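Student: Handing over my_file14.csv, CSV, C-alpha atoms and all ligand atoms.
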```
chain,number,residue,atom,x,y,z
A,236,GLU,CA,-20.4,60.9,104.8
A,237,GLU,CA,-18.3,59.4,102.0
A,238,GLY,CA,-15.1,60.2,104.0
A,239,ARG,CA,-16.5,58.6,107.1
A,240,LEU,CA,-17.4,55.4,105.1
A,241,GLN,CA,-14.0,55.4,103.5
A,242,GLN,CA,-12.3,55.6,106.9
A,243,GLY,CA,-14.5,52.9,108.4
A,244,PHE,CA,-13.8,50.7,105.4
A,245,GLN,CA,-10.0,51.2,105.7
A,246,ASP,CA,-10.2,50.6,109.5
A,247,ARG,CA,-11.9,47.2,108.9
A,248,VAL,CA,-9.3,46.3,106.3
A,249,ASP,CA,-6.5,47.3,108.6
A,250,ALA,CA,-8.0,45.2,111.4
A,251,GLU,CA,-7.9,42.2,109.0
A,252,GLU,CA,-11.7,41.9,108.9
A,253,LYS,CA,-13.1,40.3,105.7
A,254,ILE,CA,-15.2,42.5,103.4
A,255,GLU,CA,-18.4,40.8,102.3
A,256,PRO,CA,-20.5,41.4,99.2
A,257,ARG,CA,-23.2,43.4,101.0
A,258,ASP,CA,-20.8,45.6,102.9
A,259,TRP,CA,-20.1,49.2,101.8
A,260,MET,CA,-16.9,49.4,99.7
A,261,PRO,CA,-15.2,52.2,97.7
A,262,ASP,CA,-16.0,52.1,94.0
A,263,GLY,CA,-12.3,51.7,93.2
A,264,TYR,CA,-12.1,48.6,95.4
A,265,ARG,CA,-15.0,47.0,93.7
A,266,ARG,CA,-13.6,47.9,90.2
A,267,THR,CA,-10.1,46.6,90.9
A,268,LEU,CA,-11.6,43.3,92.3
A,269,VAL,CA,-13.8,42.8,89.3
A,270,ARG,CA,-10.8,43.4,87.1
A,271,GLN,CA,-8.4,41.1,89.0
A,272,ILE,CA,-10.9,38.3,89.8
A,273,SER,CA,-12.3,38.2,86.2
A,274,GLN,CA,-8.8,38.3,84.7
A,275,HIS,CA,-7.9,35.5,87.0
A,276,ALA,CA,-11.0,33.5,86.0
A,277,HIS,CA,-10.3,34.1,82.3
A,278,SER,CA,-6.7,32.9,82.9
A,279,GLU,CA,-7.9,29.6,84.3
A,280,ILE,CA,-10.3,29.0,81.4
A,281,VAL,CA,-7.8,30.0,78.6
A,282,GLY,CA,-5.2,28.1,80.6
A,283,MET,CA,-7.0,24.9,79.8
A,284,LEU,CA,-6.1,25.3,76.1
A,285,PRO,CA,-2.3,24.8,76.0
A,286,GLU,CA,-2.5,21.7,78.1
A,287,GLY,CA,-5.7,20.4,76.6
A,288,ASN,CA,-3.6,20.2,73.4
A,289,TRP,CA,-1.9,17.1,74.9
A,290,ILE,CA,-4.8,15.1,76.5
A,291,THR,CA,-5.2,12.9,73.4
A,292,ARG,CA,-1.5,12.3,73.1
A,293,ALA,CA,-0.4,11.7,76.7
A,294,PRO,CA,2.2,8.9,76.7
A,295,THR,CA,0.5,6.6,79.2
A,296,LEU,CA,-2.9,6.1,80.7
A,297,ARG,CA,-1.7,7.3,84.1
A,298,ARG,CA,-0.3,10.5,82.6
A,299,LYS,CA,-3.6,11.0,80.8
A,300,VAL,CA,-5.7,10.6,83.9
A,301,ALA,CA,-3.6,13.1,85.8
A,302,LEU,CA,-3.7,15.7,82.9
A,303,LEU,CA,-7.4,15.3,82.4
A,304,ALA,CA,-8.0,15.9,86.1
A,305,LYS,CA,-5.7,18.9,86.2
A,306,VAL,CA,-7.4,20.5,83.2
A,307,GLN,CA,-10.8,19.9,84.7
A,308,ASP,CA,-9.6,21.5,88.0
A,309,GLU,CA,-8.7,24.6,86.0
A,310,GLY,CA,-12.2,24.7,84.5
A,311,GLY,CA,-13.5,24.5,88.0
A,312,HIS,CA,-11.3,27.3,89.2
A,313,GLY,CA,-12.5,29.5,86.4
A,314,LEU,CA,-16.2,28.9,87.3
A,315,TYR,CA,-15.5,29.4,91.0
A,316,LEU,CA,-13.8,32.7,90.3
A,317,TYR,CA,-16.6,33.9,87.9
A,318,SER,CA,-18.9,33.3,90.8
A,319,ALA,CA,-16.7,35.3,93.2
A,320,ALA,CA,-16.7,38.2,90.6
A,321,GLU,CA,-20.5,38.0,90.3
A,322,THR,CA,-20.8,38.8,94.0
A,323,LEU,CA,-19.6,42.2,93.1
A,324,GLY,CA,-22.6,42.9,90.9
A,325,VAL,CA,-21.2,42.1,87.4
A,326,SER,CA,-22.8,39.3,85.3
A,327,ARG,CA,-21.0,36.4,83.9
A,328,ASP,CA,-22.2,37.2,80.4
A,329,GLU,CA,-20.7,40.6,80.7
A,330,LEU,CA,-17.4,39.1,81.8
A,331,ILE,CA,-17.3,36.5,79.1
A,332,GLY,CA,-18.2,39.2,76.5
A,333,GLN,CA,-15.2,41.2,77.7
A,334,LEU,CA,-12.9,38.2,77.2
A,335,LEU,CA,-14.2,37.4,73.7
A,336,SER,CA,-14.1,41.0,72.5
A,337,GLY,CA,-10.4,41.3,73.7
A,338,LYS,CA,-11.3,44.0,76.3
A,339,ALA,CA,-10.3,41.8,79.3
A,340,LYS,CA,-6.9,40.6,79.9
A,341,TYR,CA,-5.8,37.1,80.9
A,342,SER,CA,-2.4,35.9,82.0
A,343,SER,CA,0.3,36.5,79.4
A,344,ILE,CA,1.7,32.9,80.0
A,345,PHE,CA,-1.2,31.2,78.2
A,346,ASN,CA,-0.2,32.7,74.8
A,347,TYR,CA,2.8,30.4,74.3
A,348,PRO,CA,2.5,27.2,72.4
A,349,THR,CA,3.0,23.6,73.7
A,350,PRO,CA,4.9,21.8,71.0
A,351,THR,CA,6.2,18.9,73.0
A,352,TRP,CA,5.1,16.6,75.9
A,353,ALA,CA,7.9,18.2,78.1
A,354,ASP,CA,5.8,21.5,77.9
A,355,ILE,CA,3.2,19.8,80.1
A,356,GLY,CA,5.9,19.1,82.7
A,357,ALA,CA,7.3,22.6,82.5
A,358,ILE,CA,3.8,24.2,82.8
A,359,GLY,CA,3.0,22.2,85.9
A,360,TRP,CA,6.4,22.9,87.5
A,361,LEU,CA,7.0,26.5,86.5
A,362,VAL,CA,3.6,28.0,85.6
A,363,ASP,CA,1.6,26.4,88.4
A,364,GLY,CA,4.6,27.0,90.7
A,365,ALA,CA,4.5,30.7,89.9
A,366,ALA,CA,0.7,30.7,90.2
A,367,ILE,CA,0.9,29.2,93.8
A,368,MET,CA,3.6,31.8,94.8
A,369,ASN,CA,1.2,34.5,93.7
A,370,GLN,CA,-2.0,32.9,94.9
A,371,VAL,CA,-1.2,31.6,98.4
A,372,PRO,CA,-1.1,35.2,99.7
A,373,LEU,CA,-4.5,35.8,98.0
A,374,CYS,CA,-6.1,33.4,100.5
A,375,ARG,CA,-5.6,36.3,102.9
A,376,CYS,CA,-7.1,38.8,100.6
A,377,SER,CA,-9.5,41.3,102.3
A,378,TYR,CA,-12.4,40.4,100.1
A,379,GLY,CA,-14.1,37.3,101.6
A,380,PRO,CA,-15.5,35.4,98.6
A,381,TYR,CA,-12.1,35.7,96.7
A,382,ALA,CA,-10.1,34.7,99.7
A,383,ARG,CA,-12.2,31.7,100.4
A,384,ALA,CA,-12.2,30.6,96.8
A,385,MET,CA,-8.4,30.8,96.8
A,386,VAL,CA,-8.0,28.2,99.6
A,387,ARG,CA,-9.3,25.3,97.6
A,388,ILE,CA,-7.7,26.6,94.4
A,389,CYS,CA,-4.3,26.7,96.0
A,390,ARG,CA,-4.6,23.1,97.3
A,391,GLU,CA,-5.4,21.9,93.8
A,392,GLU,CA,-2.6,24.1,92.3
A,393,SER,CA,-0.1,22.5,94.6
A,394,PHE,CA,-1.1,19.0,93.2
A,395,HIS,CA,-0.7,20.4,89.7
A,396,GLN,CA,2.8,21.7,90.5
A,397,ARG,CA,3.9,18.3,91.9
A,398,GLN,CA,2.6,16.4,88.9
A,399,GLY,CA,4.6,18.8,86.7
A,400,TYR,CA,7.8,18.4,88.6
A,401,GLU,CA,7.4,14.6,88.8
A,402,LEU,CA,6.9,14.6,85.0
A,403,MET,CA,10.1,16.7,84.5
A,404,LEU,CA,12.0,14.4,86.8
A,405,ALA,CA,11.0,11.4,84.7
A,406,LEU,CA,12.2,13.1,81.6
A,407,ALA,CA,15.3,14.5,83.1
A,408,GLN,CA,16.2,11.0,84.3
A,409,GLY,CA,15.2,9.4,81.0
A,410,THR,CA,17.0,9.0,77.7
A,411,PRO,CA,19.3,11.7,76.4
A,412,GLU,CA,16.5,12.7,74.0
A,413,GLN,CA,14.0,13.1,76.8
A,414,LYS,CA,16.4,15.1,78.9
A,415,ARG,CA,17.0,17.4,75.9
A,416,MET,CA,13.3,17.9,75.6
A,417,ALA,CA,13.0,18.8,79.2
A,418,GLN,CA,15.8,21.3,78.9
A,419,ASP,CA,14.3,22.8,75.8
A,420,ALA,CA,10.9,23.2,77.6
A,421,LEU,CA,12.7,24.9,80.5
A,422,ASN,CA,14.5,27.2,78.1
A,423,ARG,CA,11.1,28.3,76.6
A,424,TRP,CA,9.1,28.6,79.8
A,425,TRP,CA,11.5,30.2,82.2
A,426,TRP,CA,11.3,33.8,81.2
A,427,PRO,CA,7.6,33.8,80.5
A,428,SER,CA,7.1,32.4,84.0
A,429,LEU,CA,9.0,35.3,85.5
A,430,MET,CA,6.8,37.7,83.5
A,431,MET,CA,3.6,36.1,85.0
A,432,PHE,CA,4.2,38.1,88.2
A,433,GLY,CA,3.5,41.3,86.3
A,434,PRO,CA,5.5,44.4,85.6
A,435,SER,CA,8.3,45.6,87.9
A,436,ASP,CA,7.1,47.4,91.0
A,437,GLU,CA,8.0,50.8,89.5
A,438,GLN,CA,5.8,50.0,86.5
A,439,SER,CA,2.9,48.4,88.4
A,440,ALA,CA,0.0,50.7,88.2
A,441,HIS,CA,-2.2,49.0,90.8
A,442,SER,CA,0.2,47.6,93.4
A,443,SER,CA,0.4,50.3,96.0
A,444,GLN,CA,-3.4,50.9,96.3
A,445,ASN,CA,-4.1,47.1,96.1
A,446,MET,CA,-1.6,46.6,98.9
A,447,ALA,CA,-3.2,49.3,101.0
A,448,TRP,CA,-6.5,47.5,100.5
A,449,LYS,CA,-4.9,44.2,101.4
A,450,ILE,CA,-5.9,42.6,98.1
A,451,LYS,CA,-2.3,42.1,97.4
A,452,ARG,CA,0.1,41.2,100.2
A,453,PHE,CA,3.4,41.3,98.4
A,454,SER,CA,4.6,43.2,95.4
A,455,ASN,CA,5.2,41.7,92.0
A,456,ASP,CA,9.0,41.9,92.4
A,457,GLU,CA,8.9,40.3,95.8
A,458,LEU,CA,6.9,37.3,94.6
A,459,ARG,CA,9.1,37.0,91.5
A,460,GLN,CA,12.2,36.9,93.7
A,461,ARG,CA,10.7,34.2,95.9
A,462,PHE,CA,9.8,32.2,92.9
A,463,VAL,CA,13.4,32.4,91.6
A,464,ASP,CA,14.8,31.5,95.0
A,465,ALA,CA,12.5,28.4,95.3
A,466,THR,CA,12.9,27.2,91.7
A,467,VAL,CA,16.7,27.4,91.0
A,468,PRO,CA,17.5,24.6,93.5
A,469,GLN,CA,14.7,22.5,91.9
A,470,ALA,CA,16.3,22.9,88.5
A,471,GLU,CA,19.6,21.9,90.0
A,472,PHE,CA,18.1,18.7,91.4
A,473,LEU,CA,16.7,17.9,87.9
A,474,GLY,CA,20.2,18.4,86.4
A,475,LEU,CA,18.8,21.1,84.1
A,476,SER,CA,20.1,24.6,83.6
A,477,ILE,CA,18.2,27.9,83.9
A,478,PRO,CA,18.6,29.8,80.7
A,479,ASP,CA,20.1,32.9,82.3
A,480,PRO,CA,23.8,33.7,82.1
A,481,ASP,CA,23.4,36.4,84.7
A,482,LEU,CA,21.9,34.1,87.4
A,483,ARG,CA,24.0,34.0,90.5
A,484,PHE,CA,23.5,33.4,94.2
A,485,ASN,CA,24.3,36.3,96.4
A,486,ALA,CA,25.5,34.9,99.8
A,487,ASP,CA,25.1,38.2,101.5
A,488,THR,CA,21.4,38.6,100.7
A,489,GLY,CA,20.6,34.9,100.5
A,490,HIS,CA,18.8,35.5,97.2
A,491,TYR,CA,19.5,34.7,93.5
A,492,GLU,CA,20.2,37.6,91.3
A,493,PHE,CA,18.9,37.2,87.8
A,494,GLY,CA,19.2,38.9,84.4
A,495,ALA,CA,16.9,41.6,82.8
A,496,ILE,CA,13.4,40.6,81.8
A,497,ASP,CA,12.4,41.4,78.2
A,498,TRP,CA,9.4,43.6,78.9
A,499,THR,CA,9.0,44.3,75.2
A,500,GLU,CA,7.9,40.7,74.7
A,501,PHE,CA,5.5,41.0,77.7
A,502,ASN,CA,4.0,44.2,76.4
A,503,GLU,CA,3.5,42.8,72.9
A,504,ILE,CA,1.7,39.8,74.4
A,505,LEU,CA,-0.6,42.2,76.4
A,506,LYS,CA,-1.4,44.0,73.2
A,507,GLY,CA,-2.5,40.7,71.6
A,508,ASN,CA,0.6,40.0,69.6
A,509,GLY,CA,1.9,36.9,71.3
A,510,PRO,CA,2.5,33.6,69.5
A,511,CYS,CA,-1.0,32.2,70.3
A,512,ASN,CA,-3.2,35.2,71.3
A,513,ARG,CA,-5.4,34.9,68.3
A,514,GLU,CA,-5.7,31.1,68.4
A,515,ARG,CA,-6.7,31.2,72.1
A,516,ILE,CA,-9.5,33.8,71.7
A,517,GLU,CA,-10.7,32.0,68.6
A,518,ALA,CA,-10.9,28.7,70.5
A,519,ARG,CA,-12.9,30.4,73.3
A,520,ARG,CA,-15.2,32.0,70.8
A,521,LYS,CA,-15.9,28.7,69.1
A,522,ALA,CA,-16.5,27.1,72.5
A,523,TRP,CA,-19.0,29.9,73.3
A,524,ASP,CA,-20.8,29.5,70.0
A,525,ASP,CA,-20.8,25.7,70.1
A,526,GLY,CA,-22.3,25.9,73.6
A,527,ALA,CA,-25.2,28.1,72.7
A,528,TRP,CA,-27.6,25.2,72.4
A,529,VAL,CA,-26.7,24.1,76.0
A,530,ARG,CA,-27.5,27.5,77.4
A,531,GLU,CA,-30.8,27.6,75.4
A,532,ALA,CA,-31.7,24.2,76.6
A,533,ALA,CA,-30.9,25.0,80.2
A,534,VAL,CA,-33.1,28.1,80.1
A,535,ALA,CA,-36.0,26.2,78.4
A,536,HIS,CA,-35.7,23.4,81.0
A,537,ALA,CA,-35.8,26.0,83.9
A,538,ALA,CA,-38.9,27.6,82.3
A,539,LYS,CA,-40.6,24.2,82.0
A,540,ARG,CA,-39.9,23.3,85.6
A,541,LYS,CA,-41.2,26.7,86.8
A,542,GLN,CA,-44.4,26.2,84.8
A,543,ARG,CA,-44.9,22.7,86.3
A,544,ALA,CA,-44.4,24.1,89.8
A,545,LEU,CA,-47.1,26.7,89.2
A,546,LYS,CA,-49.7,24.0,88.2
A,601,LIG,N1,-0.5,38.8,82.1
A,601,LIG,C1,-1.4,39.7,81.6
A,601,LIG,N2,-1.6,40.9,82.2
A,601,LIG,C2,-0.9,41.2,83.3
A,601,LIG,C3,0.1,40.3,83.8
A,601,LIG,C4,0.2,39.1,83.2
A,601,LIG,N3,1.1,38.2,83.7
A,601,LIG,N4,0.6,40.9,84.9
A,601,LIG,C5,0.1,42.1,85.0
A,601,LIG,N5,-0.8,42.3,84.0
A,601,LIG,C6,-1.6,43.5,83.7
A,601,LIG,C7,-2.5,43.9,84.9
A,601,LIG,O1,-3.7,43.1,84.8
A,601,LIG,C8,-2.7,45.3,84.7
A,601,LIG,O2,-3.6,45.6,83.5
A,601,LIG,P1,-5.0,46.4,83.6
A,601,LIG,O3,-4.7,47.6,84.4
A,601,LIG,O4,-5.4,46.6,82.2
A,601,LIG,O5,-5.9,45.5,84.3
A,601,LIG,C9,-1.3,45.8,84.2
A,601,LIG,O6,-0.7,44.6,83.7
A,601,LIG,C10,-0.5,46.4,85.3
A,601,LIG,O7,-0.1,45.4,86.3
A,601,LIG,P2,-0.3,45.6,87.8
A,601,LIG,O8,-0.5,47.1,88.1
A,601,LIG,O9,0.9,45.0,88.5
A,601,LIG,O10,-1.6,44.8,88.1
A,601,LIG,P3,-2.1,44.1,89.4
A,601,LIG,O11,-1.9,44.8,90.7
A,601,LIG,O12,-3.5,43.6,89.2
A,601,LIG,O13,-1.1,42.8,89.5
A,601,LIG,C11,-1.3,40.4,89.1
A,601,LIG,C12,-1.1,41.8,88.5
A,601,LIG,C13,-0.1,40.1,90.0
A,601,LIG,C14,-1.3,39.4,88.0
A,601,LIG,C15,-2.6,40.4,89.9
A,601,LIG,O14,-3.7,40.9,89.2
A,601,LIG,C16,-2.9,39.1,90.5
A,601,LIG,O15,-2.4,38.6,91.5
A,601,LIG,N6,-4.0,38.4,89.9
A,601,LIG,C17,-4.5,37.1,90.4
A,601,LIG,C18,-3.7,35.9,89.9
A,601,LIG,C19,-3.9,35.6,88.5
A,601,LIG,O16,-4.7,36.2,87.8
A,601,LIG,N7,-3.2,34.6,88.0
A,601,LIG,C20,-3.5,34.2,86.7
A,601,LIG,C21,-2.4,33.3,86.2
A,601,LIG,S1,-2.3,31.8,87.1
A,601,LIG,C22,-3.3,30.7,86.6
A,601,LIG,O17,-4.4,31.0,86.1
A,601,LIG,C23,-3.0,29.2,86.7
```
Re-express the file's structure as structure tokens.
Tutor:
Amino acid sequence: EEGRLQQGFQDRVDAEEKIEPRDWMPDGYRRTLVRQISQHAHSEIVGMLPEGNWITRAPTLRRKVALLAKVQDEGGHGLYLYSAAETLGVSRDELIGQLLSGKAKYSSIFNYPTPTWADIGAIGWLVDGAAIMNQVPLCRCSYGPYARAMVRICREESFHQRQGYELMLALAQGTPEQKRMAQDALNRWWWPSLMMFGPSDEQSAHSSQNMAWKIKRFSNDELRQRFVDATVPQAEFLGLSIPDPDLRFNADTGHYEFGAIDWTEFNEILKGNGPCNRERIEARRKAWDDGAWVREAAVAHAAKRKQRALK
């Protein structure tokens, strides 16, 4: 019976049918989706922090409006994704508990600091650029609620990427000091952006099964390569240089070859030892505690309405 269900499930996946919440699915499929979707949701919510750091100090009103909108979008993406995870039978409280206790991961990239305004440009350009590269294929993920959530999220991410690139362009064409700031931000964000795609294919524990289930469509290394190929010409247009002495275009393959990634740095961040890991979790804990009265008020309000409806 189990074998027949497994086969029927895989046949549906292979036929590109969407799997919906009430459909039968293997336990492993459910588990990996809860893991990936909740990590993704946490990343959006924690990802609000490095940029939120600049909302009060954006240099113009126009920049401030754009940054506010972008950070709000990220909050929206997080809530959307928590809802998608909830369709798999896990509660939001449980997921948030996992984040606050350090049990759940969120993207390594959000553990780096944002000391200058150019970091906001670099995050939009590189971090959101990498996010889109990874997330556009997720619009075709086999799990319906996740795939559908990704459509809107990707449209918004593409606006985020453009605002970041436009900001970098303004700095790169600005005073020598502004250009220096832009280059410094690129130097700090380049390698962490490449790490966002996850461990190399040989090290990636989940890739092959996730690709068979059509959750992932491309491997970590494939997406990383696409990102490098798309981004190097953008850096050239800005007149900035990629901080990688080994970077070179291979005319035979049509791809850029790049230097070795420092996986020690990546693994340390995953263990909680990055520059801002503690600060990020602390900020989320404080937000959770400070929001307790809102949750209590919402529950009390719902109870009152129910009472009134009964009368
Ligand atoms: N940061 C933190 N952890 C990571 C990262 C990263 N950049 N990349 C991989 N990992 C973790 C995986 O979660 C996994 O850990 P786990 O087994 O404890 O859950 C482990 O490293 C091994 O990696 P993989 O086997 O390659 O894991 P997976 O197949 O899930 O691929 C990936 C990782 C590519 C990140 C995938 O989960 C994914 O596409 N997620 C959705 C996109 C997403 O979360 N983006 C967040 C950043 S973008 C943004 O929020 C703007």
Student: Please list as a tab-separated table (two decimals) with C-alpha atoms, in the coordinates of the input every residue within 12 Å of A:Gly324, counting all atoms listed in the file and excluding residues in the same chain fewer than 3 positions away.
Tutor:
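The result, written out as result.tsv:
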```
chain	number	residue	atom	x	y	z
A	256	PRO	CA	-20.50	41.40	99.20
A	257	ARG	CA	-23.20	43.40	101.00
A	262	ASP	CA	-16.00	52.10	94.00
A	265	ARG	CA	-15.00	47.00	93.70
A	266	ARG	CA	-13.60	47.90	90.20
A	268	LEU	CA	-11.60	43.30	92.30
A	269	VAL	CA	-13.80	42.80	89.30
A	317	TYR	CA	-16.60	33.90	87.90
A	318	SER	CA	-18.90	33.30	90.80
A	319	ALA	CA	-16.70	35.30	93.20
A	320	ALA	CA	-16.70	38.20	90.60
A	321	GLU	CA	-20.50	38.00	90.30
A	327	ARG	CA	-21.00	36.40	83.90
A	328	ASP	CA	-22.20	37.20	80.40
A	329	GLU	CA	-20.70	40.60	80.70
A	330	LEU	CA	-17.40	39.10	81.80
```
Student: Return as a PyMOL selection string the residues of protein, DNA or RNA that approach ligand LIG 601 (chain A) to within 7 Å, with all atoms listed in the file taken into account.
Tutor: chain A and resi 270-272+274-275+278-279+282+340-344+362-363+366+369-370+430-434+439-442+445+451+455+505
Student: Between A:Ile450, A:Leu373, A:Met403, A:Ile496, which residue has the minimum interatomic distance to A:Val386, considering only C-alpha atoms?
Tutor: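 Answer, going by the shortest atom-to-atom distance: A:Leu373.
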Student: At a cut-off of 10 Å, using only C-alpha atoms, what residues contact A:Gly287? Leave out same-chain residues fewer than 5 positions from it and give the result as an NGL selection string.
Tutor: :A and (282 or 292 or 302-303 or 305-307 or 349 or 355)
Student: Print the selection's residues with C-alpha atoms to a file, as a PDB file, in the frame of the given file.
Tutor:
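Result written to out09.pdb:
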```pdb
ATOM      1  CA  GLY A 282      -5.200  28.100  80.600  1.00  0.00           C
ATOM      2  CA  ARG A 292      -1.500  12.300  73.100  1.00  0.00           C
ATOM      3  CA  LEU A 302      -3.700  15.700  82.900  1.00  0.00           C
ATOM      4  CA  LEU A 303      -7.400  15.300  82.400  1.00  0.00           C
ATOM      5  CA  LYS A 305      -5.700  18.900  86.200  1.00  0.00           C
ATOM      6  CA  VAL A 306      -7.400  20.500  83.200  1.00  0.00           C
ATOM      7  CA  GLN A 307     -10.800  19.900  84.700  1.00  0.00           C
ATOM      8  CA  THR A 349       3.000  23.600  73.700  1.00  0.00           C
ATOM      9  CA  ILE A 355       3.200  19.800  80.100  1.00  0.00           C
TER      10      ILE A 355
END
```
Student: Restricting the calculation to all atoms listed in the file: of A:Ala276, A:Ala405, A:Leu473, A:Leu482, which residue gets closest to A:Ile388?
Tutor: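 Distance minimum relative to A:Ile388 lands on A:Ala276.
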Student: Using all atoms listed in the file for the distances, tell me which of A:Asp525, A:Glu503, A:Glu517, A:Asp258 is nearest to A:Leu240.
Tutor: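 Closest residue, counting all atoms listed in the file: A:Asp258.
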Student: Return the single residue from A:Ala301, A:Leu402, A:Ile280, A:Ala544 that is closest to A:Ile358, with distances computed using only C-alpha atoms.
Tutor: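 Among the listed residues, the smallest separation from A:Ile358 belongs to A:Leu402.
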Student: Between atom CA of A:Trp424 and atom CA of A:Ala495, what is the distance, to one decimal in Å?
Tutor: 15.5 Å
Student: Would you pick out the contacts of A:Asp249 at 10 Å or less, using only C-alpha atoms, so that residues sharing its chain but fewer than 2 positions from it are not included, and give the list as a PDB file with C-alpha atoms, in the coordinates of the input?
Tutor:
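As written to disk, around-v9.pdb reads:
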```pdb
ATOM      1  CA  GLY A 243     -14.500  52.900 108.400  1.00  0.00           C
ATOM      2  CA  PHE A 244     -13.800  50.700 105.400  1.00  0.00           C
ATOM      3  CA  GLN A 245     -10.000  51.200 105.700  1.00  0.00           C
ATOM      4  CA  ASP A 246     -10.200  50.600 109.500  1.00  0.00           C
ATOM      5  CA  ARG A 247     -11.900  47.200 108.900  1.00  0.00           C
ATOM      6  CA  GLU A 251      -7.900  42.200 109.000  1.00  0.00           C
ATOM      7  CA  GLU A 252     -11.700  41.900 108.900  1.00  0.00           C
ATOM      8  CA  SER A 377      -9.500  41.300 102.300  1.00  0.00           C
ATOM      9  CA  ALA A 447      -3.200  49.300 101.000  1.00  0.00           C
ATOM     10  CA  TRP A 448      -6.500  47.500 100.500  1.00  0.00           C
ATOM     11  CA  LYS A 449      -4.900  44.200 101.400  1.00  0.00           C
TER      12      LYS A 449
END
```
